[in-house]
$ cat model-v1.cif   # mmCIF, C-alpha atoms
data_upload
#
loop_
_atom_site.label_atom_id
_atom_site.label_comp_id
_atom_site.auth_asym_id
_atom_site.auth_seq_id
_atom_site.Cartn_x
_atom_site.Cartn_y
_atom_site.Cartn_z
CA MET D 1 88.84 -23.81 22.03
CA GLY D 2 90.01 -22.56 25.40
CA ILE D 3 88.07 -22.28 28.65
CA LYS D 4 87.14 -19.12 30.49
CA VAL D 5 85.14 -19.21 33.69
CA ALA D 6 83.14 -16.02 34.17
CA LYS D 7 81.51 -15.06 37.45
CA PHE D 8 78.89 -12.29 37.45
CA GLY D 9 78.06 -10.56 40.71
CA GLY D 10 74.75 -9.34 42.04
CA SER D 11 74.92 -5.99 40.24
CA SER D 12 75.43 -7.84 36.94
CA ALA D 13 72.30 -9.95 37.50
CA ALA D 14 70.11 -7.27 39.08
CA ASP D 15 67.63 -6.61 36.28
CA VAL D 16 66.76 -7.06 32.62
CA ILE D 17 69.22 -4.40 31.41
CA GLN D 18 72.14 -5.89 33.33
CA ILE D 19 71.37 -9.47 32.30
CA ARG D 20 71.27 -8.39 28.65
CA LYS D 21 74.74 -6.91 29.12
CA LEU D 22 75.79 -10.20 30.70
CA ARG D 23 74.67 -12.12 27.61
CA GLU D 24 76.49 -9.74 25.26
CA ILE D 25 79.69 -10.31 27.24
CA VAL D 26 79.30 -14.09 27.26
CA GLU D 27 78.46 -14.29 23.55
CA ALA D 28 81.38 -12.00 22.62
CA ASP D 29 83.84 -14.78 23.46
CA PRO D 30 83.04 -18.47 22.77
CA ASP D 31 85.66 -19.45 25.35
CA ARG D 32 83.33 -18.21 28.12
CA ARG D 33 81.87 -21.64 28.71
CA TYR D 34 81.15 -21.84 32.43
CA ILE D 35 79.21 -19.01 34.03
CA ILE D 36 78.77 -18.54 37.78
CA VAL D 37 76.09 -16.13 38.96
CA SER D 38 75.16 -14.41 42.20
CA ALA D 39 71.67 -13.61 43.42
CA PRO D 40 70.24 -10.39 41.96
CA GLY D 41 71.50 -7.27 43.71
CA LYS D 42 69.95 -3.83 44.04
CA ARG D 43 68.36 -2.28 40.95
CA PHE D 44 68.46 1.19 42.49
CA GLU D 45 69.63 2.77 45.75
CA GLU D 46 66.46 2.14 47.77
CA ASP D 47 66.02 -1.40 46.44
CA ASN D 48 66.73 -4.61 48.36
CA LYS D 49 69.08 -7.42 47.43
CA ILE D 50 67.29 -10.72 46.90
CA THR D 51 69.52 -12.44 49.47
CA ASP D 52 68.59 -9.84 52.11
CA ILE D 53 64.89 -10.51 51.52
CA LEU D 54 65.50 -14.25 51.77
CA TYR D 55 67.25 -13.84 55.12
CA LEU D 56 64.26 -11.80 56.26
CA CYS D 57 61.98 -14.63 55.11
CA TYR D 58 63.92 -17.06 57.25
CA THR D 59 63.73 -14.76 60.27
CA HIS D 60 59.94 -14.63 59.85
CA MET D 61 59.81 -18.40 59.46
CA GLU D 62 61.95 -18.90 62.56
CA HIS D 63 59.65 -16.70 64.66
CA LYS D 64 56.50 -18.20 63.18
CA LEU D 65 55.56 -14.96 61.43
CA PRO D 66 53.98 -14.83 57.95
CA TYR D 67 56.48 -14.64 55.10
CA ASP D 68 54.30 -15.36 52.05
CA GLN D 69 54.25 -11.71 50.95
CA LEU D 70 58.03 -11.52 51.11
CA LEU D 71 58.36 -14.65 48.98
CA GLN D 72 55.82 -13.23 46.56
CA VAL D 73 57.96 -10.12 46.10
CA ILE D 74 60.89 -12.34 45.11
CA GLN D 75 58.74 -14.53 42.84
CA ASP D 76 57.26 -11.50 41.08
CA ARG D 77 60.71 -10.06 40.47
CA PHE D 78 62.06 -13.25 38.91
CA THR D 79 58.89 -13.86 36.93
CA SER D 80 58.75 -10.36 35.44
CA THR D 81 62.45 -10.49 34.58
CA ALA D 82 61.98 -13.83 32.81
CA VAL D 83 59.00 -12.50 30.82
CA ASN D 84 60.91 -9.41 29.71
CA LEU D 85 63.91 -11.52 28.69
CA GLY D 86 61.81 -14.16 26.97
CA ALA D 87 63.35 -16.86 29.18
CA ASP D 88 61.28 -19.98 29.72
CA VAL D 89 61.41 -20.79 33.45
CA ASP D 90 58.49 -22.12 35.51
CA PHE D 91 59.04 -20.00 38.60
CA ALA D 92 55.63 -20.89 40.00
CA LYS D 93 56.79 -24.51 40.26
CA GLU D 94 60.16 -23.49 41.70
CA PHE D 95 58.52 -21.41 44.42
CA ASP D 96 56.08 -24.21 45.26
CA VAL D 97 59.11 -26.34 46.13
CA ILE D 98 60.69 -23.55 48.18
CA LYS D 99 57.44 -22.92 50.09
CA GLN D 100 57.07 -26.63 50.83
CA ASN D 101 60.62 -26.88 52.14
CA MET D 102 60.14 -23.80 54.31
CA ALA D 103 56.89 -25.20 55.69
CA GLU D 104 58.82 -28.32 56.69
CA GLY D 105 61.43 -26.27 58.56
CA CYS D 106 64.39 -26.03 56.18
CA THR D 107 67.71 -24.50 57.20
CA LYS D 108 68.80 -20.88 56.99
CA ASP D 109 71.47 -21.82 54.42
CA TYR D 110 68.86 -23.40 52.16
CA VAL D 111 66.69 -20.28 52.19
CA ALA D 112 69.65 -17.93 51.62
CA SER D 113 70.94 -20.02 48.70
CA ARG D 114 67.73 -19.79 46.68
CA GLY D 115 68.69 -16.39 45.27
CA GLU D 116 71.69 -17.88 43.46
CA TYR D 117 69.75 -21.00 42.49
CA LEU D 118 66.90 -19.05 40.88
CA SER D 119 69.29 -16.57 39.26
CA ALA D 120 71.22 -19.43 37.64
CA LYS D 121 67.98 -21.03 36.43
CA LEU D 122 66.93 -17.75 34.81
CA ILE D 123 70.26 -16.95 33.18
CA ALA D 124 70.82 -20.52 31.95
CA ALA D 125 67.46 -20.39 30.16
CA TYR D 126 68.24 -16.96 28.72
CA LEU D 127 71.68 -17.98 27.44
CA GLY D 128 70.59 -21.42 26.25
CA TYR D 129 73.22 -23.01 28.53
CA ASP D 130 72.81 -26.07 30.73
CA PHE D 131 71.92 -25.47 34.38
CA VAL D 132 74.22 -27.35 36.75
CA ASP D 133 73.52 -27.13 40.46
CA GLY D 134 76.50 -26.46 42.70
CA ALA D 135 74.81 -28.62 45.34
CA ASP D 136 75.77 -31.68 43.28
CA MET D 137 79.45 -30.77 43.02
CA ILE D 138 80.60 -28.64 45.94
CA PHE D 139 81.00 -30.46 49.24
CA PHE D 140 81.62 -29.43 52.85
CA ASP D 141 82.38 -31.51 55.90
CA GLU D 142 80.13 -31.47 58.96
CA LYS D 143 82.03 -28.51 60.41
CA GLY D 144 81.40 -26.43 57.29
CA ARG D 145 84.89 -26.72 55.82
CA LEU D 146 85.20 -27.08 52.07
CA LEU D 147 86.33 -30.53 50.95
CA GLU D 148 88.68 -29.24 48.27
CA GLU D 149 89.80 -32.41 46.53
CA GLU D 150 86.41 -34.15 46.62
CA THR D 151 84.85 -30.97 45.20
CA ASN D 152 87.52 -30.62 42.53
CA GLU D 153 87.00 -34.18 41.29
CA ALA D 154 83.19 -33.89 41.36
CA ILE D 155 83.23 -30.71 39.28
CA LYS D 156 85.61 -32.30 36.76
CA ARG D 157 83.32 -35.30 36.35
CA GLU D 158 80.10 -33.31 36.07
CA LEU D 159 81.25 -30.52 33.79
CA ALA D 160 82.87 -33.01 31.41
CA ASN D 161 79.25 -33.70 30.40
CA HIS D 162 78.45 -30.02 29.72
CA GLU D 163 80.15 -27.96 27.05
CA ARG D 164 78.50 -24.82 28.43
CA ALA D 165 76.80 -24.35 31.77
CA VAL D 166 75.50 -21.82 34.28
CA ILE D 167 76.24 -22.64 37.91
CA PRO D 168 74.85 -20.88 40.98
CA GLY D 169 77.49 -19.50 43.31
CA PHE D 170 77.54 -19.29 47.10
CA TYR D 171 76.62 -22.82 48.15
CA GLY D 172 77.11 -26.58 48.04
CA THR D 173 76.04 -29.43 50.31
CA VAL D 174 77.35 -31.25 53.36
CA ALA D 175 78.97 -34.40 51.94
CA GLY D 176 76.73 -37.46 52.00
CA THR D 177 73.57 -35.42 52.71
CA ASP D 178 71.13 -33.13 50.95
CA ASN D 179 71.78 -30.32 53.43
CA ILE D 180 72.61 -27.05 51.71
CA LYS D 181 75.69 -25.27 53.06
CA THR D 182 76.70 -21.73 52.09
CA PHE D 183 80.14 -20.15 52.09
CA SER D 184 80.60 -17.66 54.88
CA ARG D 185 81.80 -14.78 52.71
CA GLY D 186 82.37 -14.03 49.03
CA GLY D 187 80.58 -17.24 48.14
CA SER D 188 80.02 -16.74 44.44
CA ASP D 189 83.61 -15.54 44.01
CA ILE D 190 84.80 -18.73 45.70
CA THR D 191 82.57 -20.92 43.52
CA GLY D 192 83.99 -19.29 40.40
CA SER D 193 87.55 -19.88 41.53
CA ILE D 194 86.81 -23.51 42.39
CA VAL D 195 85.23 -24.12 38.98
CA ALA D 196 88.18 -22.42 37.25
CA ARG D 197 90.59 -24.76 39.00
CA ALA D 198 88.58 -27.90 38.25
CA THR D 199 88.14 -27.09 34.56
CA GLY D 200 91.75 -25.99 34.05
CA ALA D 201 90.54 -22.60 32.84
CA ASP D 202 92.86 -20.27 30.95
CA VAL D 203 91.51 -17.36 32.99
CA TYR D 204 88.91 -16.73 35.68
CA GLU D 205 86.95 -13.56 34.91
CA ASN D 206 85.21 -11.86 37.81
CA TRP D 207 82.63 -9.42 36.43
CA THR D 208 81.39 -6.76 38.81
CA ASP D 209 80.57 -3.03 38.84
CA VAL D 210 84.16 -1.73 39.05
CA SER D 211 86.94 -1.79 36.45
CA GLY D 212 89.47 -3.61 38.60
CA PHE D 213 91.47 -2.39 41.58
CA LEU D 214 92.76 1.12 42.23
CA MET D 215 96.12 2.17 43.65
CA ALA D 216 94.45 3.78 46.65
CA ASP D 217 91.05 4.25 48.26
CA PRO D 218 89.11 6.72 46.04
CA HIS D 219 87.44 8.08 49.19
CA ILE D 220 90.88 9.31 50.27
CA VAL D 221 92.74 9.98 47.00
CA ASP D 222 91.02 11.82 44.17
CA ASN D 223 90.84 9.71 41.01
CA PRO D 224 93.58 7.18 41.86
CA LYS D 225 95.21 5.29 39.00
CA PRO D 226 93.96 1.78 38.16
CA ILE D 227 96.10 -1.27 38.87
CA HIS D 228 96.48 -3.11 35.56
CA GLU D 229 98.44 -6.08 36.89
CA ILE D 230 99.10 -7.39 40.38
CA SER D 231 100.60 -10.55 41.82
CA TYR D 232 98.86 -12.76 44.36
CA LYS D 233 101.53 -11.82 46.90
CA GLU D 234 100.98 -8.08 46.41
CA LEU D 235 97.22 -8.60 46.59
CA ARG D 236 97.59 -10.50 49.85
CA GLU D 237 99.58 -7.63 51.36
CA LEU D 238 97.01 -5.02 50.30
CA SER D 239 94.07 -7.17 51.36
CA TYR D 240 95.53 -7.77 54.80
CA MET D 241 95.93 -4.02 55.27
CA GLY D 242 92.29 -3.33 54.56
CA ALA D 243 92.02 -2.87 50.79
CA SER D 244 88.65 -3.96 49.40
CA VAL D 245 89.70 -6.86 47.22
CA LEU D 246 88.66 -10.45 46.69
CA HIS D 247 88.38 -12.57 49.79
CA GLU D 248 91.40 -14.84 50.32
CA ASP D 249 89.24 -17.97 49.93
CA ALA D 250 88.18 -16.75 46.49
CA ILE D 251 91.77 -16.48 45.37
CA HIS D 252 93.19 -19.73 46.76
CA PRO D 253 91.81 -22.30 44.25
CA ALA D 254 92.88 -20.26 41.23
CA ARG D 255 96.21 -19.49 42.83
CA ILE D 256 97.20 -23.10 43.45
CA ALA D 257 96.28 -23.93 39.85
CA ASN D 258 98.23 -20.90 38.56
CA ILE D 259 95.14 -19.46 36.86
CA PRO D 260 95.08 -15.68 36.33
CA ILE D 261 92.07 -13.78 37.64
CA ASN D 262 90.73 -10.85 35.63
CA ILE D 263 88.54 -8.32 37.46
CA ARG D 264 86.20 -6.73 34.87
CA ASN D 265 83.31 -4.24 34.76
CA THR D 266 79.99 -5.42 33.33
CA ASN D 267 79.01 -1.83 32.56
CA PHE D 268 82.29 -1.08 30.75
CA PRO D 269 83.26 -4.42 29.18
CA ASP D 270 85.99 -2.87 27.02
CA ASP D 271 87.98 -1.82 30.09
CA PRO D 272 90.83 -4.30 30.59
CA GLY D 273 90.37 -4.36 34.36
CA THR D 274 92.98 -5.83 36.69
CA ILE D 275 94.85 -9.07 36.06
CA ILE D 276 95.91 -11.05 39.14
CA LYS D 277 98.80 -13.43 38.43
CA ALA D 278 100.79 -15.91 40.44
CA HIS D 279 104.04 -14.13 39.71
CA HIS D 280 104.83 -10.57 38.83
CA GLU D 281 106.46 -10.35 35.42
CA ASP D 282 110.02 -9.01 35.66
CA LYS D 283 109.77 -6.29 33.09
CA GLU D 284 110.91 -2.71 32.90
CA SER D 285 108.31 -0.34 34.25
CA ASN D 286 108.17 3.18 35.63
CA ASP D 287 105.77 2.00 38.31
CA ILE D 288 107.59 1.71 41.62
CA ILE D 289 104.55 0.80 43.70
CA THR D 290 101.42 -1.20 42.97
CA GLY D 291 99.09 0.08 45.67
CA ILE D 292 98.60 1.67 49.07
CA ALA D 293 96.26 0.48 51.81
CA GLY D 294 95.92 0.88 55.53
CA LYS D 295 93.91 0.44 58.69
CA LYS D 296 93.23 2.59 61.73
CA ASP D 297 92.92 1.93 65.45
CA PHE D 298 96.01 0.12 66.66
CA THR D 299 97.99 0.37 69.87
CA VAL D 300 101.79 0.14 69.84
CA ILE D 301 103.40 -1.07 73.07
CA GLY D 302 107.13 -0.36 73.29
CA ILE D 303 109.18 -2.57 75.64
CA TYR D 304 112.80 -1.74 76.55
CA LYS D 305 115.12 -3.93 78.59
CA ASN D 306 118.89 -3.73 78.78
CA MET D 307 120.60 -6.81 77.28
CA MET D 308 117.26 -8.07 75.95
CA ALA D 309 118.99 -9.76 73.00
CA ARG D 310 120.90 -12.06 75.39
CA GLU D 311 117.84 -13.09 77.38
CA LYS D 312 116.58 -16.32 75.84
CA GLY D 313 112.86 -16.75 75.36
CA TYR D 314 111.99 -13.08 75.87
CA ALA D 315 110.04 -12.76 72.61
CA ARG D 316 108.35 -16.09 73.32
CA ARG D 317 107.12 -14.76 76.66
CA ILE D 318 105.70 -11.67 74.94
CA LEU D 319 103.78 -13.84 72.50
CA GLY D 320 102.63 -16.08 75.35
CA ILE D 321 101.08 -13.12 77.15
CA LEU D 322 99.31 -12.03 73.97
CA ASP D 323 98.03 -15.57 73.56
CA ASP D 324 96.67 -15.51 77.12
CA PHE D 325 94.71 -12.39 76.21
CA ASP D 326 93.56 -13.95 72.92
CA CYS D 327 95.22 -11.07 71.04
CA ASN D 328 96.88 -11.34 67.65
CA PHE D 329 99.95 -9.21 66.97
CA GLU D 330 100.02 -7.30 63.72
CA HIS D 331 103.74 -6.49 63.71
CA ILE D 332 106.71 -6.76 66.07
CA PRO D 333 109.47 -4.37 65.01
CA SER D 334 112.52 -4.78 67.23
CA GLY D 335 116.00 -3.57 68.07
CA ILE D 336 118.83 -4.97 70.20
CA ASP D 337 117.30 -4.00 73.54
CA ASN D 338 113.76 -3.10 72.58
CA VAL D 339 110.72 -4.54 70.91
CA SER D 340 107.38 -3.00 69.94
CA VAL D 341 104.15 -4.94 69.77
CA VAL D 342 101.40 -3.67 67.47
CA VAL D 343 97.94 -4.83 68.51
CA SER D 344 94.51 -4.02 67.10
CA ASN D 345 92.27 -2.06 69.46
CA LYS D 346 89.49 -4.45 68.52
CA ASP D 347 91.52 -7.37 69.89
CA LEU D 348 92.39 -5.41 73.03
CA ASP D 349 88.70 -4.82 73.69
CA GLY D 350 89.34 -2.31 76.47
CA ARG D 351 91.94 -4.48 78.26
CA LEU D 352 95.03 -2.34 77.61
CA ASP D 353 95.69 -1.68 81.32
CA GLU D 354 95.45 -5.39 82.09
CA LEU D 355 97.83 -6.26 79.23
CA MET D 356 100.34 -3.60 80.32
CA GLU D 357 100.20 -4.95 83.88
CA ALA D 358 100.88 -8.49 82.60
CA PHE D 359 103.85 -7.25 80.56
CA GLU D 360 105.26 -5.40 83.60
CA LYS D 361 104.87 -8.40 85.90
CA ARG D 362 106.06 -11.19 83.62
CA LEU D 363 108.66 -9.40 81.47
CA GLU D 364 110.18 -7.04 84.07
CA PRO D 365 111.15 -4.42 81.47
CA ASP D 366 113.32 -1.40 82.29
CA HIS D 367 110.80 0.80 80.53
CA ILE D 368 107.44 0.31 78.85
CA GLU D 369 105.19 2.79 77.07
CA CYS D 370 102.26 2.68 74.73
CA PHE D 371 100.97 4.76 71.85
CA GLU D 372 97.25 4.58 71.25
CA ASN D 373 95.13 5.61 68.26
CA MET D 374 97.71 4.52 65.71
CA SER D 375 97.29 3.61 62.04
CA LEU D 376 99.27 1.28 59.81
CA ILE D 377 99.78 2.02 56.12
CA ALA D 378 101.27 -0.47 53.67
CA THR D 379 102.97 0.63 50.46
CA VAL D 380 103.25 -2.42 48.21
CA GLY D 381 104.98 -3.13 44.92
CA TYR D 382 107.53 -5.38 43.25
CA GLY D 383 109.16 -2.33 41.70
CA MET D 384 110.37 -1.34 45.15
CA ASN D 385 112.99 -4.09 45.32
CA ARG D 386 114.63 -2.86 42.12
CA ARG D 387 114.89 0.81 43.08
CA LYS D 388 117.24 2.50 45.51
CA GLY D 389 115.98 5.03 47.99
CA VAL D 390 112.31 4.03 48.04
CA ALA D 391 112.11 4.12 51.84
CA ALA D 392 113.89 7.49 51.87
CA GLN D 393 111.44 8.84 49.29
CA LEU D 394 108.51 7.64 51.37
CA ILE D 395 109.88 9.13 54.60
CA SER D 396 110.57 12.44 52.84
CA ALA D 397 107.00 12.54 51.50
CA LEU D 398 105.61 12.16 55.02
CA ALA D 399 108.04 14.71 56.44
CA ASN D 400 107.12 17.25 53.74
CA ALA D 401 103.46 16.73 54.67
CA ASN D 402 104.36 17.46 58.32
CA ILE D 403 103.39 13.93 59.40
CA ASN D 404 105.18 12.37 62.36
CA LEU D 405 106.38 8.85 61.54
CA ARG D 406 106.05 6.56 64.56
CA MET D 407 107.18 3.27 63.01
CA ILE D 408 108.62 1.90 59.78
CA GLU D 409 109.14 -1.73 58.82
CA GLN D 410 110.19 -3.45 55.60
CA GLY D 411 109.93 -7.21 55.14
CA SER D 412 112.68 -9.36 53.67
CA SER D 413 110.68 -9.73 50.43
CA GLU D 414 111.19 -5.99 49.87
CA ILE D 415 107.76 -5.54 48.29
CA ASN D 416 106.11 -3.92 51.29
CA ILE D 417 106.95 -0.96 53.53
CA ILE D 418 104.68 -0.47 56.53
CA VAL D 419 104.60 2.80 58.42
CA GLY D 420 102.82 3.72 61.61
CA VAL D 421 101.24 7.15 62.03
CA GLU D 422 98.63 8.63 64.33
CA ASN D 423 94.98 8.15 63.36
CA LYS D 424 94.60 11.88 62.66
CA ASP D 425 97.33 11.63 60.02
CA PHE D 426 95.95 8.51 58.29
CA GLU D 427 94.31 10.11 55.24
CA PRO D 428 96.98 12.83 54.74
CA ALA D 429 99.70 10.17 54.94
CA ILE D 430 98.07 8.03 52.23
CA ARG D 431 97.70 11.07 50.00
CA ALA D 432 101.31 12.09 50.58
CA ILE D 433 102.63 8.61 49.73
CA TYR D 434 100.41 8.38 46.65
CA ASP D 435 101.54 11.79 45.36
CA ALA D 436 105.19 10.77 45.87
CA PHE D 437 104.98 7.59 43.80
CA ALA D 438 101.95 7.67 41.47
#
$ encode --input "model-v1.cif" --output "structure tokens"
Amino acid sequence: MGIKVAKFGGSSAADVIQIRKLREIVEADPDRRYIIVSAPGKRFEEDNKITDILYLCYTHMEHKLPYDQLLQVIQDRFTSTAVNLGADVDFAKEFDVIKQNMAEGCTKDYVASRGEYLSAKLIAAYLGYDFVDGADMIFFDEKGRLLEEETNEAIKRELANHERAVIPGFYGTVAGTDNIKTFSRGGSDITGSIVARATGADVYENWTDVSGFLMADPHIVDNPKPIHEISYKELRELSYMGASVLHEDAIHPARIANIPINIRNTNFPDDPGTIIKAHHEDKESNDIITGIAGKKDFTVIGIYKNMMAREKGYARRILGILDDFDCNFEHIPSGIDNVSVVVSNKDLDGRLDELMEAFEKRLEPDHIECFENMSLIATVGYGMNRRKGVAAQLISALANANINLRMIEQGSSEINIIVGVENKDFEPAIRAIYDAFA
């Protein structure tokens, strides 16, 4: 028997119908032995996520306002779901404990984590699996950083005693204390990846409400093709450029253990979804690119100085000025006597004139200019490094769409071409690139 770790998001645990689908998926494959669940999400558009109501409860508690009715809404939702599923969980007792802890002034993280805790209690009872609390296995230091190795060993020890278990996502504890600590983002996804690593899973399944990743943003490109397989490196490139994918922290544990991640759709369980692997398989394929993603609102500052290449430390001084302004650079394309610095407008925070003045004073360039309201678009794919003329094809696609190309850069890995265009051309450029390669 193998091991599959399956994480189900908030939409998969939202109501009776979704939880029944969850059980059908779990029971369809006996290898699905460790299940991580999120707090229940919205049941319909106007509904509230359980975690949002819990945060509201904490805000009321913090300001000494009544929150009993809010807690009652959550209790009634869990209780009615359990009754309809025939799951035996004493939620009255569970909420007595929560109310007592809140009355004694518990932390915000404790309150927020109760959605996952109660969801795992419910689904464990419904599946007939053991309930194992992440608080007993997932540890953070006092600064809120995950203690990876201590957590890995603790999960190994604990789950060795459980053939099948449901584990709440999103939280653990500060090591050596009972203080609940939540992950900052994508918490249940991270928990699933951590458990997959510790158990040596064959695959980590991430069940949500989409059938994997798409080649482009469906709000920009009509009906983009699905991505069936993607490498961690390609995913990192697309994620950095704004694609809505798994948070980096949710990928890391599975990546270092070389465990594939399969993004699946609870509502369409027969869809294969997207497989994320450590390495892209070197096989013949007609697919040149894997995906396209981009972000708006950058400023490109072009600096020209004669004999720049012979002036030692020039690039270091540029980076030093950016550091003084607490600005990250996104890209630095360069030539023999010129260099361009691409900076996010968010990082600039209205200080462009001050930054330009610092460049003028400390770099003494022959010429400096800036281009505001720029966008960066990344075209990513391992197939690119096996095909001639990919960059030419991309440039031609933009030219045919009457889009002015302001910048182009290709890394040494040859799996990513980044172009810079004006904000007004962002969506047309993505569509032009997609139509050229898809």
$ atom_distance --input "model-v1.cif" --atom1 "atom CA of D:Asp435" --atom2 "atom CA of D:Ser375"
19.1 Å
$ closest_residue --input "model-v1.cif" --among "D:Asn84, D:Thr107, D:Ser119, D:Asn265" --to "D:Asp133" --atoms "all atoms listed in the file"
D:Ser119
$ residues_near_point --input "model-v1.cif" --point "(90.5, -17.3, 34.1)" --cutoff "7 Å" --atoms "only C-alpha atoms" --output "ChimeraX atom specification"
/D:4-5,196,201-205,259-262
$ closest_atom_pairs --input "model-v1.cif" --of "stretch 329-386 of chain D" --to "stretch 294-306 of chain D" --cutoff "6 Å" --atoms "only C-alpha atoms" --output "Markdown table"
| residue | atom | partner | partner_atom | distance |
| --- | --- | --- | --- | --- |
| D:Asp337 | CA | D:Asn306 | CA | 5.5 |
| D:Asn338 | CA | D:Tyr304 | CA | 4.3 |
| D:Val339 | CA | D:Ile303 | CA | 5.4 |
| D:Ser340 | CA | D:Gly302 | CA | 4.3 |
| D:Val341 | CA | D:Ile301 | CA | 5.1 |
| D:Val342 | CA | D:Val300 | CA | 4.5 |
| D:Val343 | CA | D:Thr299 | CA | 5.4 |
| D:Ser344 | CA | D:Phe298 | CA | 4.4 |
| D:Asn345 | CA | D:Phe298 | CA | 5.2 |
| D:Pro365 | CA | D:Lys305 | CA | 4.9 |
| D:Asp366 | CA | D:Lys305 | CA | 4.8 |
| D:His367 | CA | D:Tyr304 | CA | 5.1 |
| D:Ile368 | CA | D:Ile303 | CA | 4.7 |
| D:Glu369 | CA | D:Gly302 | CA | 5.3 |
| D:Cys370 | CA | D:Ile301 | CA | 4.3 |
| D:Phe371 | CA | D:Val300 | CA | 5.1 |
| D:Glu372 | CA | D:Thr299 | CA | 4.5 |
| D:Asn373 | CA | D:Asp297 | CA | 5.1 |
| D:Met374 | CA | D:Phe298 | CA | 4.8 |
| D:Ser375 | CA | D:Lys296 | CA | 4.2 |
| D:Leu376 | CA | D:Gly294 | CA | 5.4 |
| D:Ile377 | CA | D:Gly294 | CA | 4.1 |
| D:Ala378 | CA | D:Gly294 | CA | 5.8 |
$ closest_residue --input "model-v1.cif" --among "D:Tyr55, D:Phe437, D:Phe268, D:Phe44" --to "D:Thr208" --atoms "only C-alpha atoms"
D:Phe268
$ resolve_selection --input "model-v1.cif" --expression "the PyMOL selection byres ((chain D and resi 189) around 10)" --output "MDAnalysis selection string"
chainID D and resid 6:9 36:38 169:170 183 185:188 190:194 204:207 246:247 249:251
$ write_last_selection --input "model-v1.cif" --atoms "C-alpha atoms" --output "PDB file, keeping the file's coordinate frame"
ATOM      1  CA  ALA D   6      83.140 -16.020  34.170  1.00  0.00           C
ATOM      2  CA  LYS D   7      81.510 -15.060  37.450  1.00  0.00           C
ATOM      3  CA  PHE D   8      78.890 -12.290  37.450  1.00  0.00           C
ATOM      4  CA  GLY D   9      78.060 -10.560  40.710  1.00  0.00           C
ATOM      5  CA  ILE D  36      78.770 -18.540  37.780  1.00  0.00           C
ATOM      6  CA  VAL D  37      76.090 -16.130  38.960  1.00  0.00           C
ATOM      7  CA  SER D  38      75.160 -14.410  42.200  1.00  0.00           C
ATOM      8  CA  GLY D 169      77.490 -19.500  43.310  1.00  0.00           C
ATOM      9  CA  PHE D 170      77.540 -19.290  47.100  1.00  0.00           C
ATOM     10  CA  PHE D 183      80.140 -20.150  52.090  1.00  0.00           C
ATOM     11  CA  ARG D 185      81.800 -14.780  52.710  1.00  0.00           C
ATOM     12  CA  GLY D 186      82.370 -14.030  49.030  1.00  0.00           C
ATOM     13  CA  GLY D 187      80.580 -17.240  48.140  1.00  0.00           C
ATOM     14  CA  SER D 188      80.020 -16.740  44.440  1.00  0.00           C
ATOM     15  CA  ILE D 190      84.800 -18.730  45.700  1.00  0.00           C
ATOM     16  CA  THR D 191      82.570 -20.920  43.520  1.00  0.00           C
ATOM     17  CA  GLY D 192      83.990 -19.290  40.400  1.00  0.00           C
ATOM     18  CA  SER D 193      87.550 -19.880  41.530  1.00  0.00           C
ATOM     19  CA  ILE D 194      86.810 -23.510  42.390  1.00  0.00           C
ATOM     20  CA  TYR D 204      88.910 -16.730  35.680  1.00  0.00           C
ATOM     21  CA  GLU D 205      86.950 -13.560  34.910  1.00  0.00           C
ATOM     22  CA  ASN D 206      85.210 -11.860  37.810  1.00  0.00           C
ATOM     23  CA  TRP D 207      82.630  -9.420  36.430  1.00  0.00           C
ATOM     24  CA  LEU D 246      88.660 -10.450  46.690  1.00  0.00           C
ATOM     25  CA  HIS D 247      88.380 -12.570  49.790  1.00  0.00           C
ATOM     26  CA  ASP D 249      89.240 -17.970  49.930  1.00  0.00           C
ATOM     27  CA  ALA D 250      88.180 -16.750  46.490  1.00  0.00           C
ATOM     28  CA  ILE D 251      91.770 -16.480  45.370  1.00  0.00           C
TER      29      ILE D 251
END
$ residues_around --input "model-v1.cif" --residues "D:Ala165" --least-positions-apart "3" --cutoff "9 Å" --atoms "all atoms listed in the file" --output "ChimeraX atom specification"
/D:33-36,124,128-132,159,162
$ write_last_selection --input "model-v1.cif" --atoms "C-alpha atoms" --output "PDB file, keeping the file's coordinate frame"
ATOM      1  CA  ARG D  33      81.870 -21.640  28.710  1.00  0.00           C
ATOM      2  CA  TYR D  34      81.150 -21.840  32.430  1.00  0.00           C
ATOM      3  CA  ILE D  35      79.210 -19.010  34.030  1.00  0.00           C
ATOM      4  CA  ILE D  36      78.770 -18.540  37.780  1.00  0.00           C
ATOM      5  CA  ALA D 124      70.820 -20.520  31.950  1.00  0.00           C
ATOM      6  CA  GLY D 128      70.590 -21.420  26.250  1.00  0.00           C
ATOM      7  CA  TYR D 129      73.220 -23.010  28.530  1.00  0.00           C
ATOM      8  CA  ASP D 130      72.810 -26.070  30.730  1.00  0.00           C
ATOM      9  CA  PHE D 131      71.920 -25.470  34.380  1.00  0.00           C
ATOM     10  CA  VAL D 132      74.220 -27.350  36.750  1.00  0.00           C
ATOM     11  CA  LEU D 159      81.250 -30.520  33.790  1.00  0.00           C
ATOM     12  CA  HIS D 162      78.450 -30.020  29.720  1.00  0.00           C
TER      13      HIS D 162
END
$ closest_residue --input "model-v1.cif" --among "D:Val174, D:Ser113, D:Glu158, D:Gly105" --to "D:Lys143" --atoms "only C-alpha atoms"
D:Val174
$ atom_distance --input "model-v1.cif" --atom1 "atom CA of D:Pro272" --atom2 "atom CA of D:Glu27"
17.4 Å
$ residues_around --input "model-v1.cif" --residues "D:Asp271" --least-positions-apart "6" --cutoff "9 Å" --atoms "all atoms listed in the file" --output "PyMOL selection string"
chain D and resi 211-212+264-265
$ write_last_selection --input "model-v1.cif" --atoms "C-alpha atoms" --output "short mmCIF file (atom, residue, chain, number, x, y, z; two decimals), keeping the file's coordinate frame"
data_model
loop_
_atom_site.label_atom_id
_atom_site.label_comp_id
_atom_site.auth_asym_id
_atom_site.auth_seq_id
_atom_site.Cartn_x
_atom_site.Cartn_y
_atom_site.Cartn_z
CA SER D 211 86.94 -1.79 36.45
CA GLY D 212 89.47 -3.61 38.60
CA ARG D 264 86.20 -6.73 34.87
CA ASN D 265 83.31 -4.24 34.76
#
